[in-house]
>>> print(open('my_file.tsv').read())   # TSV, C-alpha atoms and all ligand atoms
chain	number	residue	atom	x	y	z
A	543	MET	CA	-95.15	6.47	-13.01
A	544	ARG	CA	-97.53	9.41	-12.86
A	545	ALA	CA	-101.05	9.23	-11.46
A	546	ILE	CA	-103.74	11.68	-10.40
A	547	VAL	CA	-104.26	11.51	-6.65
A	548	CYS	CA	-106.51	13.27	-4.16
A	549	SER	CA	-104.75	16.26	-2.61
A	550	PRO	CA	-107.15	18.17	-0.32
A	551	SER	CA	-104.99	21.31	-0.32
A	552	SER	CA	-104.68	21.54	-4.15
A	553	PRO	CA	-107.07	23.20	-6.62
A	554	ASP	CA	-109.94	20.78	-7.40
A	555	ARG	CA	-108.48	18.53	-4.65
A	556	ILE	CA	-106.23	16.69	-7.16
A	557	GLU	CA	-102.59	16.71	-8.23
A	558	PHE	CA	-100.15	14.57	-10.24
A	559	ARG	CA	-97.83	12.39	-8.13
A	560	GLU	CA	-95.21	9.74	-8.74
A	561	VAL	CA	-96.69	6.46	-7.49
A	562	ALA	CA	-95.52	2.84	-7.43
A	563	GLU	CA	-95.93	0.66	-10.52
A	564	PRO	CA	-98.98	-1.65	-10.36
A	565	GLU	CA	-98.41	-5.09	-8.85
A	566	PRO	CA	-100.87	-7.32	-10.71
A	567	SER	CA	-102.53	-10.40	-9.22
A	568	ARG	CA	-102.42	-13.53	-11.36
A	569	ASP	CA	-105.79	-12.68	-12.96
A	570	GLU	CA	-104.87	-9.08	-13.77
A	571	ALA	CA	-103.33	-7.60	-16.92
A	572	VAL	CA	-101.30	-4.40	-16.78
A	573	VAL	CA	-102.68	-1.81	-19.19
A	574	ALA	CA	-100.78	1.20	-20.55
A	575	VAL	CA	-103.60	3.71	-20.28
A	576	ARG	CA	-104.40	6.02	-23.22
A	577	ALA	CA	-107.77	7.46	-22.13
A	578	VAL	CA	-109.95	7.52	-19.03
A	579	SER	CA	-113.43	8.83	-18.41
A	580	LEU	CA	-115.00	10.73	-15.54
A	581	ASN	CA	-117.95	9.47	-13.54
A	582	ARG	CA	-120.05	11.35	-11.02
A	583	GLY	CA	-118.95	8.85	-8.37
A	584	ASN	CA	-115.31	9.96	-8.84
A	585	TYR	CA	-116.34	13.59	-8.46
A	586	ARG	CA	-118.43	12.93	-5.36
A	587	ARG	CA	-115.77	10.89	-3.57
A	588	LEU	CA	-113.03	13.43	-4.32
A	589	ALA	CA	-114.99	15.91	-2.21
A	590	TRP	CA	-114.27	13.92	0.97
A	591	ALA	CA	-111.48	11.47	0.12
A	592	GLU	CA	-108.20	11.42	2.03
A	593	ASP	CA	-104.87	12.63	0.71
A	594	GLY	CA	-103.36	10.07	-1.66
A	595	TRP	CA	-106.61	8.32	-2.65
A	596	ARG	CA	-106.51	7.40	-6.36
A	597	PRO	CA	-109.67	8.15	-8.40
A	598	GLY	CA	-110.86	6.62	-11.68
A	599	TYR	CA	-112.97	3.62	-12.76
A	600	ASP	CA	-112.89	3.63	-16.57
A	601	LEU	CA	-109.87	3.20	-18.83
A	602	ALA	CA	-108.81	2.25	-22.34
A	603	GLY	CA	-105.30	1.44	-23.55
A	604	GLU	CA	-102.94	-1.34	-24.60
A	605	VAL	CA	-102.00	-4.50	-22.71
A	606	LEU	CA	-98.42	-4.12	-21.47
A	607	HIS	CA	-98.23	-7.37	-19.44
A	608	ALA	CA	-100.74	-10.19	-19.95
A	609	ALA	CA	-102.33	-11.83	-16.88
A	610	ALA	CA	-100.11	-14.55	-15.41
A	611	ASP	CA	-103.01	-17.06	-15.30
A	612	GLY	CA	-103.42	-16.81	-19.09
A	613	SER	CA	-107.02	-15.58	-18.78
A	614	GLY	CA	-106.76	-12.30	-20.58
A	615	PRO	CA	-105.82	-10.54	-23.81
A	616	ALA	CA	-102.26	-10.77	-25.16
A	617	VAL	CA	-99.59	-8.06	-24.94
A	618	GLY	CA	-100.33	-5.23	-27.37
A	619	THR	CA	-104.12	-5.82	-27.51
A	620	ARG	CA	-106.19	-2.63	-27.46
A	621	VAL	CA	-108.61	-2.93	-24.53
A	622	ALA	CA	-111.14	-1.16	-22.32
A	623	GLY	CA	-111.92	-2.04	-18.74
A	624	LEU	CA	-112.84	-0.89	-15.28
A	625	VAL	CA	-111.31	-0.95	-11.82
A	626	VAL	CA	-112.71	-0.11	-8.38
A	627	GLU	CA	-110.30	2.85	-8.08
A	628	GLY	CA	-107.05	4.24	-9.48
A	629	ALA	CA	-107.72	4.28	-13.26
A	630	TRP	CA	-106.34	7.81	-13.66
A	631	ALA	CA	-102.75	6.64	-14.00
A	632	GLU	CA	-100.22	5.81	-16.71
A	633	ARG	CA	-100.39	2.07	-15.98
A	634	VAL	CA	-103.13	0.09	-14.21
A	635	ALA	CA	-103.63	-3.57	-13.25
A	636	VAL	CA	-107.10	-4.66	-14.41
A	637	PRO	CA	-108.88	-7.98	-13.59
A	638	THR	CA	-109.31	-9.78	-16.92
A	639	ARG	CA	-112.98	-10.47	-16.12
A	640	ARG	CA	-113.53	-6.70	-16.46
A	641	LEU	CA	-111.37	-6.16	-19.55
A	642	ALA	CA	-112.47	-6.47	-23.19
A	643	PRO	CA	-110.61	-6.11	-26.50
A	644	LEU	CA	-111.51	-3.13	-28.68
A	645	PRO	CA	-112.86	-3.49	-32.20
A	646	ASP	CA	-110.63	-1.58	-34.65
A	647	ALA	CA	-113.37	0.97	-35.30
A	648	VAL	CA	-113.53	2.07	-31.65
A	649	SER	CA	-111.08	4.76	-30.50
A	650	PHE	CA	-109.48	4.82	-27.06
A	651	ALA	CA	-111.52	7.93	-26.20
A	652	GLN	CA	-114.81	6.30	-27.20
A	653	ALA	CA	-113.91	3.09	-25.39
A	654	ALA	CA	-113.00	4.87	-22.14
A	655	ALA	CA	-116.52	6.30	-22.01
A	656	VAL	CA	-118.18	2.89	-22.09
A	657	PRO	CA	-117.39	0.67	-19.06
A	658	VAL	CA	-119.14	2.19	-16.03
A	659	ALA	CA	-121.90	4.10	-17.82
A	660	GLY	CA	-122.60	1.33	-20.33
A	661	LEU	CA	-122.44	-1.57	-17.90
A	662	THR	CA	-124.49	0.23	-15.23
A	663	SER	CA	-127.18	0.78	-17.86
A	664	LEU	CA	-127.01	-2.79	-19.12
A	665	VAL	CA	-127.19	-4.54	-15.73
A	666	SER	CA	-129.91	-2.13	-14.56
A	667	LEU	CA	-132.05	-2.74	-17.65
A	668	ALA	CA	-131.67	-6.49	-17.08
A	669	HIS	CA	-133.95	-6.10	-14.05
A	670	GLY	CA	-136.83	-5.28	-16.41
A	671	GLY	CA	-136.63	-8.70	-18.12
A	672	LEU	CA	-137.80	-8.75	-21.75
A	673	LEU	CA	-138.16	-5.05	-22.63
A	674	LEU	CA	-139.98	-5.39	-25.96
A	675	GLY	CA	-142.95	-3.02	-25.82
A	676	LYS	CA	-142.41	-2.16	-22.13
A	677	GLN	CA	-142.65	1.38	-20.72
A	678	VAL	CA	-139.25	2.41	-19.37
A	679	LEU	CA	-138.41	5.65	-17.55
A	680	ILE	CA	-134.79	6.87	-17.38
A	681	THR	CA	-134.21	9.74	-14.93
A	682	GLY	CA	-131.13	11.97	-15.24
A	683	ALA	CA	-131.28	10.97	-18.90
A	684	ALA	CA	-128.98	13.73	-20.14
A	685	GLY	CA	-126.03	12.41	-18.14
A	686	GLY	CA	-123.45	9.74	-18.87
A	687	VAL	CA	-125.43	6.72	-17.65
A	688	GLY	CA	-128.73	8.20	-18.83
A	689	ARG	CA	-127.67	8.49	-22.46
A	690	PHE	CA	-126.49	4.88	-22.56
A	691	ALA	CA	-129.65	3.69	-20.81
A	692	VAL	CA	-131.95	5.51	-23.27
A	693	GLN	CA	-130.16	3.97	-26.25
A	694	LEU	CA	-129.96	0.44	-24.83
A	695	ALA	CA	-133.61	0.42	-23.69
A	696	ARG	CA	-134.67	1.54	-27.17
A	697	LEU	CA	-132.45	-1.08	-28.83
A	698	ALA	CA	-134.20	-3.68	-26.65
A	699	GLY	CA	-137.60	-2.55	-27.98
A	700	ALA	CA	-138.87	-0.50	-25.02
A	701	ARG	CA	-140.87	2.72	-25.20
A	702	VAL	CA	-138.58	5.14	-23.43
A	703	THR	CA	-139.46	8.23	-21.40
A	704	ALA	CA	-136.38	10.36	-20.66
A	705	GLN	CA	-136.45	12.76	-17.70
A	706	VAL	CA	-134.04	15.71	-17.57
A	707	GLY	CA	-133.62	18.50	-15.02
A	708	ARG	CA	-133.66	21.54	-17.30
A	709	PRO	CA	-135.14	22.44	-20.73
A	710	GLU	CA	-131.73	22.83	-22.39
A	711	ARG	CA	-130.87	19.25	-21.41
A	712	THR	CA	-133.60	17.77	-23.63
A	713	ALA	CA	-131.37	18.19	-26.72
A	714	GLY	CA	-130.56	15.02	-28.63
A	715	LEU	CA	-132.51	12.58	-26.48
A	716	GLN	CA	-135.25	11.87	-29.00
A	717	GLU	CA	-132.58	11.15	-31.61
A	718	LEU	CA	-131.12	8.60	-29.17
A	719	GLY	CA	-134.47	6.80	-28.97
A	720	ALA	CA	-136.63	8.50	-26.33
A	721	SER	CA	-140.33	8.59	-27.27
A	722	GLU	CA	-140.91	11.31	-24.72
A	723	VAL	CA	-138.64	13.77	-22.94
A	724	VAL	CA	-140.03	15.28	-19.72
A	725	LEU	CA	-138.80	17.68	-17.08
A	726	THR	CA	-140.94	16.31	-14.26
A	727	LEU	CA	-143.26	13.37	-13.66
A	728	ASP	CA	-146.17	15.70	-12.81
A	729	GLY	CA	-149.07	14.45	-14.88
A	730	ALA	CA	-146.97	11.66	-16.39
A	731	GLU	CA	-149.31	9.41	-18.37
A	732	PRO	CA	-147.93	5.90	-18.55
A	733	LEU	CA	-147.33	3.53	-15.69
A	734	PHE	CA	-143.74	2.37	-15.97
A	735	ASP	CA	-142.66	-1.26	-16.06
A	736	LEU	CA	-139.07	-0.28	-15.32
A	737	VAL	CA	-137.49	2.90	-13.96
A	738	ILE	CA	-133.72	3.48	-13.95
A	739	GLU	CA	-133.52	6.13	-11.24
A	740	SER	CA	-130.47	8.20	-10.34
A	741	ILE	CA	-131.79	11.52	-8.97
A	742	GLY	CA	-133.41	10.52	-5.66
A	743	GLY	CA	-135.39	13.10	-3.65
A	744	PRO	CA	-139.01	13.81	-4.62
A	745	LEU	CA	-138.48	12.38	-8.12
A	746	LEU	CA	-137.84	8.90	-6.70
A	747	GLY	CA	-141.05	9.17	-4.65
A	748	GLN	CA	-142.98	10.09	-7.80
A	749	ALA	CA	-141.36	7.28	-9.79
A	750	LEU	CA	-142.43	4.73	-7.17
A	751	GLY	CA	-145.96	6.13	-7.48
A	752	GLN	CA	-145.87	5.75	-11.27
A	753	LEU	CA	-144.93	2.05	-11.28
A	754	ALA	CA	-147.09	-0.44	-13.12
A	755	PRO	CA	-148.17	-3.53	-11.14
A	756	GLY	CA	-145.16	-5.86	-11.10
A	757	GLY	CA	-142.89	-2.99	-12.14
A	758	VAL	CA	-139.46	-2.25	-10.72
A	759	VAL	CA	-137.55	0.90	-9.81
A	760	VAL	CA	-133.79	0.32	-9.99
A	761	SER	CA	-132.06	2.99	-7.87
A	762	ILE	CA	-128.49	3.58	-8.97
A	763	GLY	CA	-127.80	6.91	-7.28
A	764	ALA	CA	-129.17	10.08	-5.74
A	765	SER	CA	-127.57	12.96	-7.63
A	766	SER	CA	-129.91	15.47	-5.95
A	767	ASP	CA	-128.72	14.48	-2.43
A	768	GLU	CA	-132.29	15.07	-1.29
A	769	PRO	CA	-134.33	12.71	0.92
A	770	THR	CA	-137.37	10.87	-0.45
A	771	THR	CA	-140.85	10.34	0.96
A	772	PHE	CA	-143.33	8.05	-0.77
A	773	ASP	CA	-146.75	6.52	-0.28
A	774	SER	CA	-145.86	3.01	0.84
A	775	LEU	CA	-149.48	1.80	0.85
A	776	ALA	CA	-149.88	2.90	-2.78
A	777	LEU	CA	-146.75	0.89	-3.60
A	778	VAL	CA	-148.06	-2.16	-1.72
A	779	ARG	CA	-151.26	-1.97	-3.78
A	780	LYS	CA	-149.21	-2.29	-6.99
A	781	GLY	CA	-148.83	-6.00	-6.24
A	782	GLY	CA	-145.39	-7.40	-7.05
A	783	ALA	CA	-143.80	-3.98	-7.56
A	784	ARG	CA	-140.16	-3.81	-6.44
A	785	TRP	CA	-137.54	-1.24	-5.53
A	786	TYR	CA	-134.01	-2.49	-6.15
A	787	ALA	CA	-130.76	-0.83	-5.02
A	788	LEU	CA	-127.89	-1.43	-7.44
A	789	THR	CA	-124.16	-0.85	-7.12
A	790	LEU	CA	-122.21	-1.74	-10.24
A	791	PHE	CA	-119.27	-3.75	-8.94
A	792	GLN	CA	-121.48	-5.86	-6.65
A	793	GLU	CA	-124.03	-6.30	-9.45
A	794	LEU	CA	-121.37	-7.47	-11.91
A	795	GLU	CA	-120.52	-10.26	-9.45
A	796	LEU	CA	-124.21	-11.08	-8.77
A	797	GLN	CA	-125.06	-11.29	-12.48
A	798	GLY	CA	-121.73	-12.91	-13.40
A	799	ALA	CA	-121.29	-10.03	-15.83
A	800	GLY	CA	-118.20	-8.15	-17.03
A	801	ARG	CA	-116.04	-8.93	-20.03
A	802	ARG	CA	-118.76	-10.40	-22.23
A	803	GLU	CA	-121.18	-7.51	-21.62
A	804	LEU	CA	-118.38	-5.00	-22.22
A	805	GLU	CA	-117.61	-6.77	-25.51
A	806	THR	CA	-121.29	-6.50	-26.47
A	807	LEU	CA	-121.34	-2.77	-25.76
A	808	LEU	CA	-118.10	-2.15	-27.66
A	809	ALA	CA	-119.40	-4.16	-30.65
A	810	LEU	CA	-122.54	-1.98	-30.68
A	811	VAL	CA	-120.32	1.13	-30.70
A	812	ALA	CA	-118.24	-0.32	-33.57
A	813	GLU	CA	-121.43	-1.04	-35.55
A	814	GLY	CA	-122.66	2.53	-35.02
A	815	ARG	CA	-125.71	1.33	-33.06
A	816	LEU	CA	-124.58	2.78	-29.71
A	817	ASP	CA	-123.07	6.25	-29.39
A	818	PRO	CA	-120.93	6.80	-26.27
A	819	GLN	CA	-121.94	10.49	-26.35
A	820	LEU	CA	-118.49	11.98	-25.91
A	821	ASP	CA	-119.25	15.57	-25.02
A	822	ILE	CA	-115.90	16.83	-23.74
A	823	GLN	CA	-112.41	15.53	-24.48
A	824	ALA	CA	-109.22	17.03	-23.05
A	825	SER	CA	-105.76	16.14	-21.79
A	826	TRP	CA	-105.62	14.62	-18.32
A	827	ARG	CA	-103.52	17.69	-17.45
A	828	ASP	CA	-106.89	19.52	-17.58
A	829	MET	CA	-108.63	17.05	-15.24
A	830	GLY	CA	-109.52	19.89	-12.86
A	831	SER	CA	-111.59	21.71	-15.46
A	832	LEU	CA	-113.23	18.43	-16.55
A	833	LEU	CA	-114.20	17.74	-12.93
A	834	ARG	CA	-115.63	21.25	-12.59
A	835	ALA	CA	-117.69	20.80	-15.77
A	836	LEU	CA	-119.15	17.59	-14.35
A	837	GLY	CA	-119.86	19.16	-10.96
A	838	GLU	CA	-121.57	22.15	-12.57
A	839	ARG	CA	-123.79	19.87	-14.71
A	840	ARG	CA	-122.23	21.11	-17.96
A	841	VAL	CA	-121.47	17.66	-19.44
A	842	ALA	CA	-124.11	16.25	-21.80
A	843	GLY	CA	-122.98	12.64	-21.84
A	844	LYS	CA	-119.38	11.72	-21.08
A	845	ALA	CA	-116.17	13.62	-20.37
A	846	VAL	CA	-112.96	11.84	-21.37
A	847	ALA	CA	-109.34	12.64	-20.49
A	848	LEU	CA	-106.48	11.58	-22.76
A	849	ILE	CA	-103.30	10.36	-21.07
A	850	ASP	CA	-100.54	12.37	-22.78
B	901	LIG	N1	-124.85	2.49	-8.50
B	901	LIG	C1	-123.77	2.52	-9.27
B	901	LIG	O1	-122.96	1.60	-9.28
B	901	LIG	C2	-123.60	3.71	-10.15
B	901	LIG	C3	-122.86	3.62	-11.33
B	901	LIG	C4	-122.77	4.76	-12.15
B	901	LIG	C5	-123.40	5.93	-11.75
B	901	LIG	N2	-124.07	5.98	-10.58
B	901	LIG	C6	-124.76	7.18	-10.14
B	901	LIG	O2	-125.76	7.45	-11.10
B	901	LIG	C7	-125.91	8.85	-11.25
B	901	LIG	C8	-125.69	9.21	-12.71
B	901	LIG	O3	-124.32	9.01	-13.02
B	901	LIG	P1	-123.70	9.70	-14.31
B	901	LIG	O4	-122.31	9.24	-14.43
B	901	LIG	O5	-124.62	9.55	-15.44
B	901	LIG	O6	-123.70	11.23	-13.84
B	901	LIG	P2	-123.79	12.55	-14.74
B	901	LIG	O7	-123.26	12.27	-16.09
B	901	LIG	O8	-123.21	13.61	-13.93
B	901	LIG	O9	-125.35	12.77	-14.88
B	901	LIG	C9	-126.11	13.02	-13.76
B	901	LIG	C10	-127.43	13.63	-14.14
B	901	LIG	O10	-128.12	13.87	-12.92
B	901	LIG	C11	-128.60	15.18	-12.88
B	901	LIG	N3	-128.17	15.88	-11.65
B	901	LIG	C12	-126.91	16.13	-11.26
B	901	LIG	N4	-126.92	16.81	-10.11
B	901	LIG	C13	-128.21	17.00	-9.80
B	901	LIG	C14	-128.87	17.64	-8.73
B	901	LIG	N5	-128.20	18.25	-7.74
B	901	LIG	N6	-130.21	17.65	-8.72
B	901	LIG	C15	-130.90	17.07	-9.69
B	901	LIG	N7	-130.33	16.45	-10.76
B	901	LIG	C16	-129.00	16.40	-10.79
B	901	LIG	C17	-128.08	15.92	-14.07
B	901	LIG	O11	-129.24	16.36	-14.69
B	901	LIG	P3	-129.31	17.70	-15.59
B	901	LIG	O12	-129.32	17.16	-16.96
B	901	LIG	O13	-130.56	18.35	-15.26
B	901	LIG	O14	-128.11	18.53	-15.26
B	901	LIG	C18	-127.28	14.92	-14.88
B	901	LIG	O15	-127.75	14.78	-16.20
B	901	LIG	C19	-124.94	9.50	-10.29
B	901	LIG	O16	-125.62	9.78	-9.09
B	901	LIG	C20	-123.90	8.42	-10.06
B	901	LIG	O17	-123.24	8.57	-8.85
B	901	LIG	C21	-124.17	4.89	-9.77
>>> encode(input="my_file.tsv", output="structure tokens")
Amino acid sequence: MRAIVCSPSSPDRIEFREVAEPEPSRDEAVVAVRAVSLNRGNYRRLAWAEDGWRPGYDLAGEVLHAAADGSGPAVGTRVAGLVVEGAWAERVAVPTRRLAPLPDAVSFAQAAAVPVAGLTSLVSLAHGGLLLGKQVLITGAAGGVGRFAVQLARLAGARVTAQVGRPERTAGLQELGASEVVLTLDGAEPLFDLVIESIGGPLLGQALGQLAPGGVVVSIGASSDEPTTFDSLALVRKGGARWYALTLFQELELQGAGRRELETLLALVAEGRLDPQLDIQASWRDMGSLLRALGERRVAGKAVALID
């Protein structure tokens, strides 16, 4: 079968190769993949990965072989799920605890956009507890995770401040539920109960300084690649404030989350209450240009590749 693999000497460091069919464990279903999405983590790792490494977390498709332990959806079920690597392939073995059936109203392209960005937002927001009336800051809000996080925080009843890097990236965020859209935290008014932080650098330092007593910064990434300095004594004085480092696959295990949360997100999409923010859709034969768009910060939301 065909898969996209890392090829350091090829344009965009990827190429199609024939690879072995998946060999599922007893708790894995084999999915015939119809759509995959791109995540910044895929892009970043491709920059240094070795020849033959297989990128891709998110996928949507149809179950080709059900899991041998009987835990998962039946053959022919439309599903979305996530794997630690190797989703950009014609067929993929997916643990059934990270695989959810698709409502009829959700397309493969929409569904492929949901797993990593939606679940990262959901499990990060869970660290804020009950969000009704809370002040929540989402940094990098114009990106894939950011647009899910803004919508989910608003659905949970929070007052949401969305931070974006450039004026043109403010578009659409108020419609998604942000009360305020800011470029920087200079002069930011509220103290935040919860910050979902993905930029790192000076912005993370400022976010730690803007925490309310008992508040929490959940760091999910550092897209800026810049180091952070912050006033640790000021943070200590917040009393009970926390800084939490989150990686999705570990967090799914810690929270016992996966299939059920994915089902929740997909149901919200089907009901029209959560928009996956599909910005770019193309054939997986154009994966190179999709990766370049992501790297050059030209994707407002999610980029999805169709397996054709
Ligand atoms: N911990 C985890 O398990 C986990 C899971 C998913 C994602 N992540 C991380 O979370 C971050 C967001 O992921 P994503 O999929 O939403 O990425 P994305 O769609 O590419 O969005 C990233 C956002 O970060 C901003 N950004 C990108 N490069 C930047 C730079 N050099 N300096 C300042 N801002 C920059 C962009 O802001 P502009 O709007 O200004 O261009 C963009 O909107 C990434 O760092 C990713 O690796 C971590």
>>> closest_residue(input="my_file.tsv", among="A:Glu805, A:Asp850, A:Asp600, A:Glu563", to="Ala824 of chain A", atoms="only C-alpha atoms")
A:Asp850
>>> residues_near_ligand(input="my_file.tsv", ligand="ligand LIG 901 (chain B)", cutoff="6 Å", atoms="all atoms listed in the file", output="PyMOL selection string")
chain A and resi 581-583+658-659+662+682-688+706-708+711+740-741+762-766+788-790+836+839+843
>>> residues_around(input="my_file.tsv", residues="segment 728-736 of chain A", least_positions_apart="2", cutoff="12 Å", atoms="all atoms listed in the file", output="PDB file with C-alpha atoms, keeping the file's coordinate frame")
ATOM      1  CA  SER A 666    -129.910  -2.130 -14.560  1.00  0.00           C
ATOM      2  CA  LEU A 667    -132.050  -2.740 -17.650  1.00  0.00           C
ATOM      3  CA  ALA A 668    -131.670  -6.490 -17.080  1.00  0.00           C
ATOM      4  CA  HIS A 669    -133.950  -6.100 -14.050  1.00  0.00           C
ATOM      5  CA  GLY A 670    -136.830  -5.280 -16.410  1.00  0.00           C
ATOM      6  CA  GLY A 671    -136.630  -8.700 -18.120  1.00  0.00           C
ATOM      7  CA  LEU A 672    -137.800  -8.750 -21.750  1.00  0.00           C
ATOM      8  CA  LEU A 673    -138.160  -5.050 -22.630  1.00  0.00           C
ATOM      9  CA  LEU A 674    -139.980  -5.390 -25.960  1.00  0.00           C
ATOM     10  CA  GLY A 675    -142.950  -3.020 -25.820  1.00  0.00           C
ATOM     11  CA  LYS A 676    -142.410  -2.160 -22.130  1.00  0.00           C
ATOM     12  CA  GLN A 677    -142.650   1.380 -20.720  1.00  0.00           C
ATOM     13  CA  VAL A 678    -139.250   2.410 -19.370  1.00  0.00           C
ATOM     14  CA  LEU A 679    -138.410   5.650 -17.550  1.00  0.00           C
ATOM     15  CA  ILE A 680    -134.790   6.870 -17.380  1.00  0.00           C
ATOM     16  CA  THR A 681    -134.210   9.740 -14.930  1.00  0.00           C
ATOM     17  CA  ALA A 691    -129.650   3.690 -20.810  1.00  0.00           C
ATOM     18  CA  ALA A 695    -133.610   0.420 -23.690  1.00  0.00           C
ATOM     19  CA  ALA A 700    -138.870  -0.500 -25.020  1.00  0.00           C
ATOM     20  CA  ARG A 701    -140.870   2.720 -25.200  1.00  0.00           C
ATOM     21  CA  VAL A 702    -138.580   5.140 -23.430  1.00  0.00           C
ATOM     22  CA  THR A 703    -139.460   8.230 -21.400  1.00  0.00           C
ATOM     23  CA  ALA A 704    -136.380  10.360 -20.660  1.00  0.00           C
ATOM     24  CA  GLN A 705    -136.450  12.760 -17.700  1.00  0.00           C
ATOM     25  CA  SER A 721    -140.330   8.590 -27.270  1.00  0.00           C
ATOM     26  CA  GLU A 722    -140.910  11.310 -24.720  1.00  0.00           C
ATOM     27  CA  VAL A 723    -138.640  13.770 -22.940  1.00  0.00           C
ATOM     28  CA  VAL A 724    -140.030  15.280 -19.720  1.00  0.00           C
ATOM     29  CA  LEU A 725    -138.800  17.680 -17.080  1.00  0.00           C
ATOM     30  CA  THR A 726    -140.940  16.310 -14.260  1.00  0.00           C
ATOM     31  CA  ILE A 738    -133.720   3.480 -13.950  1.00  0.00           C
ATOM     32  CA  GLU A 739    -133.520   6.130 -11.240  1.00  0.00           C
ATOM     33  CA  PRO A 744    -139.010  13.810  -4.620  1.00  0.00           C
ATOM     34  CA  LEU A 745    -138.480  12.380  -8.120  1.00  0.00           C
ATOM     35  CA  GLY A 747    -141.050   9.170  -4.650  1.00  0.00           C
ATOM     36  CA  GLN A 748    -142.980  10.090  -7.800  1.00  0.00           C
ATOM     37  CA  ALA A 749    -141.360   7.280  -9.790  1.00  0.00           C
ATOM     38  CA  LEU A 750    -142.430   4.730  -7.170  1.00  0.00           C
ATOM     39  CA  GLY A 751    -145.960   6.130  -7.480  1.00  0.00           C
ATOM     40  CA  GLN A 752    -145.870   5.750 -11.270  1.00  0.00           C
ATOM     41  CA  LEU A 753    -144.930   2.050 -11.280  1.00  0.00           C
ATOM     42  CA  ALA A 754    -147.090  -0.440 -13.120  1.00  0.00           C
ATOM     43  CA  PRO A 755    -148.170  -3.530 -11.140  1.00  0.00           C
ATOM     44  CA  GLY A 756    -145.160  -5.860 -11.100  1.00  0.00           C
ATOM     45  CA  GLY A 757    -142.890  -2.990 -12.140  1.00  0.00           C
ATOM     46  CA  VAL A 758    -139.460  -2.250 -10.720  1.00  0.00           C
ATOM     47  CA  VAL A 759    -137.550   0.900  -9.810  1.00  0.00           C
ATOM     48  CA  VAL A 760    -133.790   0.320  -9.990  1.00  0.00           C
ATOM     49  CA  SER A 761    -132.060   2.990  -7.870  1.00  0.00           C
ATOM     50  CA  LYS A 780    -149.210  -2.290  -6.990  1.00  0.00           C
ATOM     51  CA  GLY A 782    -145.390  -7.400  -7.050  1.00  0.00           C
ATOM     52  CA  ALA A 783    -143.800  -3.980  -7.560  1.00  0.00           C
ATOM     53  CA  ARG A 784    -140.160  -3.810  -6.440  1.00  0.00           C
ATOM     54  CA  TRP A 785    -137.540  -1.240  -5.530  1.00  0.00           C
ATOM     55  CA  TYR A 786    -134.010  -2.490  -6.150  1.00  0.00           C
TER      56      TYR A 786
END
>>> residues_around(input="my_file.tsv", residues="Ala809 of chain A", least_positions_apart="2", cutoff="10 Å", atoms="all atoms listed in the file", output="list of chain:residue names")
A:Pro643, A:Leu644, A:Pro645, A:Asp646, A:Ala647, A:Val648, A:Glu803, A:Leu804, A:Glu805, A:Thr806, A:Leu807, A:Val811, A:Ala812, A:Glu813, A:Gly814, A:Arg815, A:Leu816
>>> write_last_selection(input="my_file.tsv", atoms="C-alpha atoms", output="PDB file, in the frame of the given file")
ATOM      1  CA  PRO A 643    -110.610  -6.110 -26.500  1.00  0.00           C
ATOM      2  CA  LEU A 644    -111.510  -3.130 -28.680  1.00  0.00           C
ATOM      3  CA  PRO A 645    -112.860  -3.490 -32.200  1.00  0.00           C
ATOM      4  CA  ASP A 646    -110.630  -1.580 -34.650  1.00  0.00           C
ATOM      5  CA  ALA A 647    -113.370   0.970 -35.300  1.00  0.00           C
ATOM      6  CA  VAL A 648    -113.530   2.070 -31.650  1.00  0.00           C
ATOM      7  CA  GLU A 803    -121.180  -7.510 -21.620  1.00  0.00           C
ATOM      8  CA  LEU A 804    -118.380  -5.000 -22.220  1.00  0.00           C
ATOM      9  CA  GLU A 805    -117.610  -6.770 -25.510  1.00  0.00           C
ATOM     10  CA  THR A 806    -121.290  -6.500 -26.470  1.00  0.00           C
ATOM     11  CA  LEU A 807    -121.340  -2.770 -25.760  1.00  0.00           C
ATOM     12  CA  VAL A 811    -120.320   1.130 -30.700  1.00  0.00           C
ATOM     13  CA  ALA A 812    -118.240  -0.320 -33.570  1.00  0.00           C
ATOM     14  CA  GLU A 813    -121.430  -1.040 -35.550  1.00  0.00           C
ATOM     15  CA  GLY A 814    -122.660   2.530 -35.020  1.00  0.00           C
ATOM     16  CA  ARG A 815    -125.710   1.330 -33.060  1.00  0.00           C
ATOM     17  CA  LEU A 816    -124.580   2.780 -29.710  1.00  0.00           C
TER      18      LEU A 816
END
>>> atom_distance(input="my_file.tsv", atom1="atom CA of Gly743 of chain A", atom2="atom CA of Val626 of chain A")
26.7 Å
>>> closest_residue(input="my_file.tsv", among="A:Asp611, A:Glu717, A:Glu627, A:Asp817", to="Tyr599 of chain A", atoms="all atoms listed in the file")
A:Glu627
>>> atom_distance(input="my_file.tsv", atom1="atom CA of Ile556 of chain A", atom2="atom CA of Leu580 of chain A")
13.5 Å
>>> residues_around(input="my_file.tsv", residues="Ala591 of chain A", least_positions_apart="3", cutoff="12 Å", atoms="all atoms listed in the file", output="CSV table (one decimal) with C-alpha atoms, keeping the file's coordinate frame")
chain,number,residue,atom,x,y,z
A,547,VAL,CA,-104.3,11.5,-6.6
A,548,CYS,CA,-106.5,13.3,-4.2
A,549,SER,CA,-104.8,16.3,-2.6
A,550,PRO,CA,-107.2,18.2,-0.3
A,551,SER,CA,-105.0,21.3,-0.3
A,555,ARG,CA,-108.5,18.5,-4.6
A,556,ILE,CA,-106.2,16.7,-7.2
A,583,GLY,CA,-119.0,8.8,-8.4
A,584,ASN,CA,-115.3,10.0,-8.8
A,585,TYR,CA,-116.3,13.6,-8.5
A,586,ARG,CA,-118.4,12.9,-5.4
A,587,ARG,CA,-115.8,10.9,-3.6
A,588,LEU,CA,-113.0,13.4,-4.3
A,594,GLY,CA,-103.4,10.1,-1.7
A,595,TRP,CA,-106.6,8.3,-2.6
A,596,ARG,CA,-106.5,7.4,-6.4
A,597,PRO,CA,-109.7,8.2,-8.4
A,627,GLU,CA,-110.3,2.8,-8.1
